[in-house]
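Shown next, in structure tokens, is the structure this report addresses.
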Amino acid sequence: MPKVSKDDFKPYFEIEISKKFKPEDRRAIAQEIIDEIISRTENGLDADNKKFVGYSKTYSREKGQSNVDLTFSGDMLSEIKLLQEKSGKLRIGFERGYDGLGKVEGNVLGTYGQDKPVNKGRNFLGITQDDLNRILAPYEDNVVEATAQQREATSRARDMAKASRVEEPDDE
């Protein structure tokens, strides 16, 4: 994931997907992406599947653990939502009104309330192309299967229509 500046920070990310997916598939895909982000983050990995930079000693003592999982209260990760789904695109992240946006920004950028980063950020907001491909694969298989079934049904309907044609009487 590219580095993001404070001026460019957005509490969401967008993913382009096939326009063939139906709305219910897009919503299911988005939920799987959200689940992946939460699971990965709880395992201490960022959006690139790299280990998070460690907590400070003070914060580590306050939290009572040294493994970085961004779950001090558990609230932040539970607020990740599908913000928008439309043909060919998903937007996933945090709603504008979420009162923990500062915490999200602080983690992603490493600013924690400061104008400039105080340490390396822990960008958990995103997904690798490999992880996305793994999530999309079963849905793409379904689209291919549905398209084949539609072609077969259309062909059968055409054959039935041809077979049921009655000859027109001759004009006498």
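Quick note on naming: the chains in the structure tokens go A, B, ... in the order shown, residues restart at 1 in each chain, and ligands are numbered from 1 in order of appearance.
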Using only C-alpha atoms, find each residue of segment 77-118 of chain A with at least one atom at most 12 Å away from an atom of segment 31-34 of chain A; report its shortest atom-to-atom pair and that distance in Å (one decimal), sort the rows by chain and rising residue number, and return the result as a Markdown table.
```
| residue | atom | partner | partner_atom | distance |
| --- | --- | --- | --- | --- |
| A:Leu77 | CA | A:Ile34 | CA | 9.0 |
| A:Ser78 | CA | A:Ile34 | CA | 9.4 |
| A:Glu79 | CA | A:Ile34 | CA | 9.9 |
| A:Ile80 | CA | A:Ile34 | CA | 6.8 |
| A:Lys81 | CA | A:Ile34 | CA | 7.3 |
| A:Leu82 | CA | A:Gln31 | CA | 7.4 |
| A:Leu83 | CA | A:Gln31 | CA | 11.2 |
| A:Glu85 | CA | A:Gln31 | CA | 11.4 |
| A:Leu90 | CA | A:Ile33 | CA | 10.1 |
| A:Arg91 | CA | A:Ile33 | CA | 10.8 |
| A:Ile92 | CA | A:Ile34 | CA | 7.7 |
| A:Gly93 | CA | A:Ile34 | CA | 8.7 |
| A:Phe94 | CA | A:Ile34 | CA | 11.2 |
```
Among segment 8-160 of chain A, which ones does DSSP assign to strand (DSSP E) (computed from the backbone)? Answer as an mmCIF file with N, CA and C atoms, in the first residue's frame.
```
data_model
loop_
_atom_site.group_PDB
_atom_site.id
_atom_site.type_symbol
_atom_site.label_atom_id
_atom_site.label_comp_id
_atom_site.auth_asym_id
_atom_site.auth_seq_id
_atom_site.Cartn_x
_atom_site.Cartn_y
_atom_site.Cartn_z
ATOM 1 N N TYR A 12 -11.326 5.211 4.413
ATOM 2 C CA TYR A 12 -11.894 4.137 3.618
ATOM 3 C C TYR A 12 -10.936 3.813 2.482
ATOM 4 N N PHE A 13 -11.222 2.732 1.796
ATOM 5 C CA PHE A 13 -10.501 2.394 0.579
ATOM 6 C C PHE A 13 -11.499 1.839 -0.412
ATOM 7 N N GLU A 14 -11.142 1.900 -1.678
ATOM 8 C CA GLU A 14 -12.026 1.419 -2.728
ATOM 9 C C GLU A 14 -11.367 0.269 -3.468
ATOM 10 N N ILE A 15 -12.196 -0.652 -3.904
ATOM 11 C CA ILE A 15 -11.730 -1.821 -4.633
ATOM 12 C C ILE A 15 -12.551 -1.930 -5.911
ATOM 13 N N GLU A 16 -11.858 -2.129 -7.010
ATOM 14 C CA GLU A 16 -12.556 -2.382 -8.260
ATOM 15 C C GLU A 16 -12.745 -3.888 -8.409
ATOM 16 N N LYS A 81 -17.140 -0.853 7.860
ATOM 17 C CA LYS A 81 -18.412 -1.105 7.173
ATOM 18 C C LYS A 81 -18.252 -1.045 5.658
ATOM 19 N N LEU A 82 -19.213 -1.646 4.975
ATOM 20 C CA LEU A 82 -19.371 -1.423 3.541
ATOM 21 C C LEU A 82 -20.054 -0.071 3.422
ATOM 22 N N LEU A 83 -19.371 0.901 2.867
ATOM 23 C CA LEU A 83 -19.912 2.249 2.755
ATOM 24 C C LEU A 83 -20.676 2.446 1.449
ATOM 25 N N GLN A 84 -20.208 1.749 0.411
ATOM 26 C CA GLN A 84 -20.864 1.903 -0.890
ATOM 27 C C GLN A 84 -20.562 0.688 -1.742
ATOM 28 N N GLU A 85 -21.582 0.214 -2.433
ATOM 29 C CA GLU A 85 -21.377 -0.835 -3.420
ATOM 30 C C GLU A 85 -22.129 -0.431 -4.663
ATOM 31 N N LYS A 86 -21.430 -0.506 -5.765
ATOM 32 C CA LYS A 86 -22.071 -0.257 -7.053
ATOM 33 C C LYS A 86 -21.370 -1.108 -8.087
ATOM 34 N N LYS A 89 -17.465 -1.619 -8.180
ATOM 35 C CA LYS A 89 -16.695 -0.949 -7.130
ATOM 36 C C LYS A 89 -17.299 -1.160 -5.742
ATOM 37 N N LEU A 90 -16.384 -1.315 -4.773
ATOM 38 C CA LEU A 90 -16.759 -1.379 -3.352
ATOM 39 C C LEU A 90 -15.981 -0.301 -2.611
ATOM 40 N N ARG A 91 -16.621 0.333 -1.644
ATOM 41 C CA ARG A 91 -15.939 1.271 -0.743
ATOM 42 C C ARG A 91 -16.142 0.740 0.676
ATOM 43 N N ILE A 92 -15.029 0.490 1.355
ATOM 44 C CA ILE A 92 -15.045 -0.100 2.687
ATOM 45 C C ILE A 92 -14.256 0.788 3.630
ATOM 46 N N GLY A 93 -14.796 0.999 4.814
ATOM 47 C CA GLY A 93 -14.072 1.811 5.796
ATOM 48 C C GLY A 93 -14.977 2.259 6.918
#
```
Looking at only C-alpha atoms, which of A:Ala28, A:Ile37, A:Leu125, A:Met76 is the one that sits closest to Phe9 of chain A?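 Selected residue with least distance to Phe9 of chain A: A:Leu125.
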For Leu70 of chain A, which residue out of A:Ser18, A:Glu105, A:Phe124, A:Arg27 is the nearest one, using only C-alpha atoms?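 Ranking A:Ser18, A:Glu105, A:Phe124, A:Arg27 by distance to Leu70 of chain A, first place goes to A:Phe124.
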Report, in Å with one decimal, the straight-line distance from atom CA of Asp115 of chain A to atom CA of Gly102 of chain A. 11.9 Å
List the spatial neighbours of Lys116 of chain A as a PyMOL selection string - criterion: any atom at most 12 Å away, only C-alpha atoms, same-chain residues fewer than 5 positions off excluded. chain A and resi 4-7+105-106+109-111+121
Nearby residues (only C-alpha atoms) at most 9 Å from Ile127 of chain A, same-chain spacing under 5 positions excluded, as a PyMOL selection string: chain A and resi 1+15+33+36-37+46-49+132
Please produce a file of those selected residues containing N, CA and C atoms, as a PDB file, in the first residue's frame.
```
ATOM      1  N   MET A   1       0.842  -1.170   0.000  1.00  0.00           N
ATOM      2  CA  MET A   1       0.000   0.000   0.000  1.00  0.00           C
ATOM      3  C   MET A   1       0.891   1.239   0.000  1.00  0.00           C
ATOM      4  N   ILE A  15     -12.196  -0.652  -3.904  1.00  0.00           N
ATOM      5  CA  ILE A  15     -11.730  -1.821  -4.633  1.00  0.00           C
ATOM      6  C   ILE A  15     -12.551  -1.930  -5.911  1.00  0.00           C
ATOM      7  N   ILE A  33     -14.263  -9.344   2.825  1.00  0.00           N
ATOM      8  CA  ILE A  33     -13.086  -8.463   2.890  1.00  0.00           C
ATOM      9  C   ILE A  33     -12.971  -7.871   4.292  1.00  0.00           C
ATOM     10  N   GLU A  36     -11.757 -10.439   6.644  1.00  0.00           N
ATOM     11  CA  GLU A  36     -10.321 -10.658   6.409  1.00  0.00           C
ATOM     12  C   GLU A  36      -9.496  -9.564   7.081  1.00  0.00           C
ATOM     13  N   ILE A  37      -9.919  -8.320   6.954  1.00  0.00           N
ATOM     14  CA  ILE A  37      -9.195  -7.198   7.569  1.00  0.00           C
ATOM     15  C   ILE A  37      -9.159  -7.353   9.088  1.00  0.00           C
ATOM     16  N   ASP A  46      -0.535  -5.853   8.857  1.00  0.00           N
ATOM     17  CA  ASP A  46      -1.096  -4.676   8.207  1.00  0.00           C
ATOM     18  C   ASP A  46      -1.743  -5.035   6.869  1.00  0.00           C
ATOM     19  N   ALA A  47      -2.135  -4.025   6.117  1.00  0.00           N
ATOM     20  CA  ALA A  47      -2.831  -4.237   4.849  1.00  0.00           C
ATOM     21  C   ALA A  47      -1.975  -4.946   3.816  1.00  0.00           C
ATOM     22  N   ASP A  48      -0.655  -4.954   4.019  1.00  0.00           N
ATOM     23  CA  ASP A  48       0.254  -5.670   3.126  1.00  0.00           C
ATOM     24  C   ASP A  48       0.677  -7.017   3.708  1.00  0.00           C
ATOM     25  N   ASN A  49       0.003  -7.442   4.772  1.00  0.00           N
ATOM     26  CA  ASN A  49       0.321  -8.692   5.479  1.00  0.00           C
ATOM     27  C   ASN A  49       1.717  -8.676   6.108  1.00  0.00           C
ATOM     28  N   LEU A 132      -7.528 -10.539  -2.078  1.00  0.00           N
ATOM     29  CA  LEU A 132      -8.755 -10.196  -2.798  1.00  0.00           C
ATOM     30  C   LEU A 132      -9.074 -11.279  -3.836  1.00  0.00           C
TER      31      LEU A 132
END
```
In Å to one decimal, how far is atom CA of Val68 of chain A from atom CA of Ser39 of chain A? 12.8 Å
Can you work out the spacing between atom CA of Ile135 of chain A and atom CA of Lys51 of chain A in Å, to one decimal?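 We find that atom CA of Ile135 of chain A and atom CA of Lys51 of chain A lie 21.5 Å from each other.
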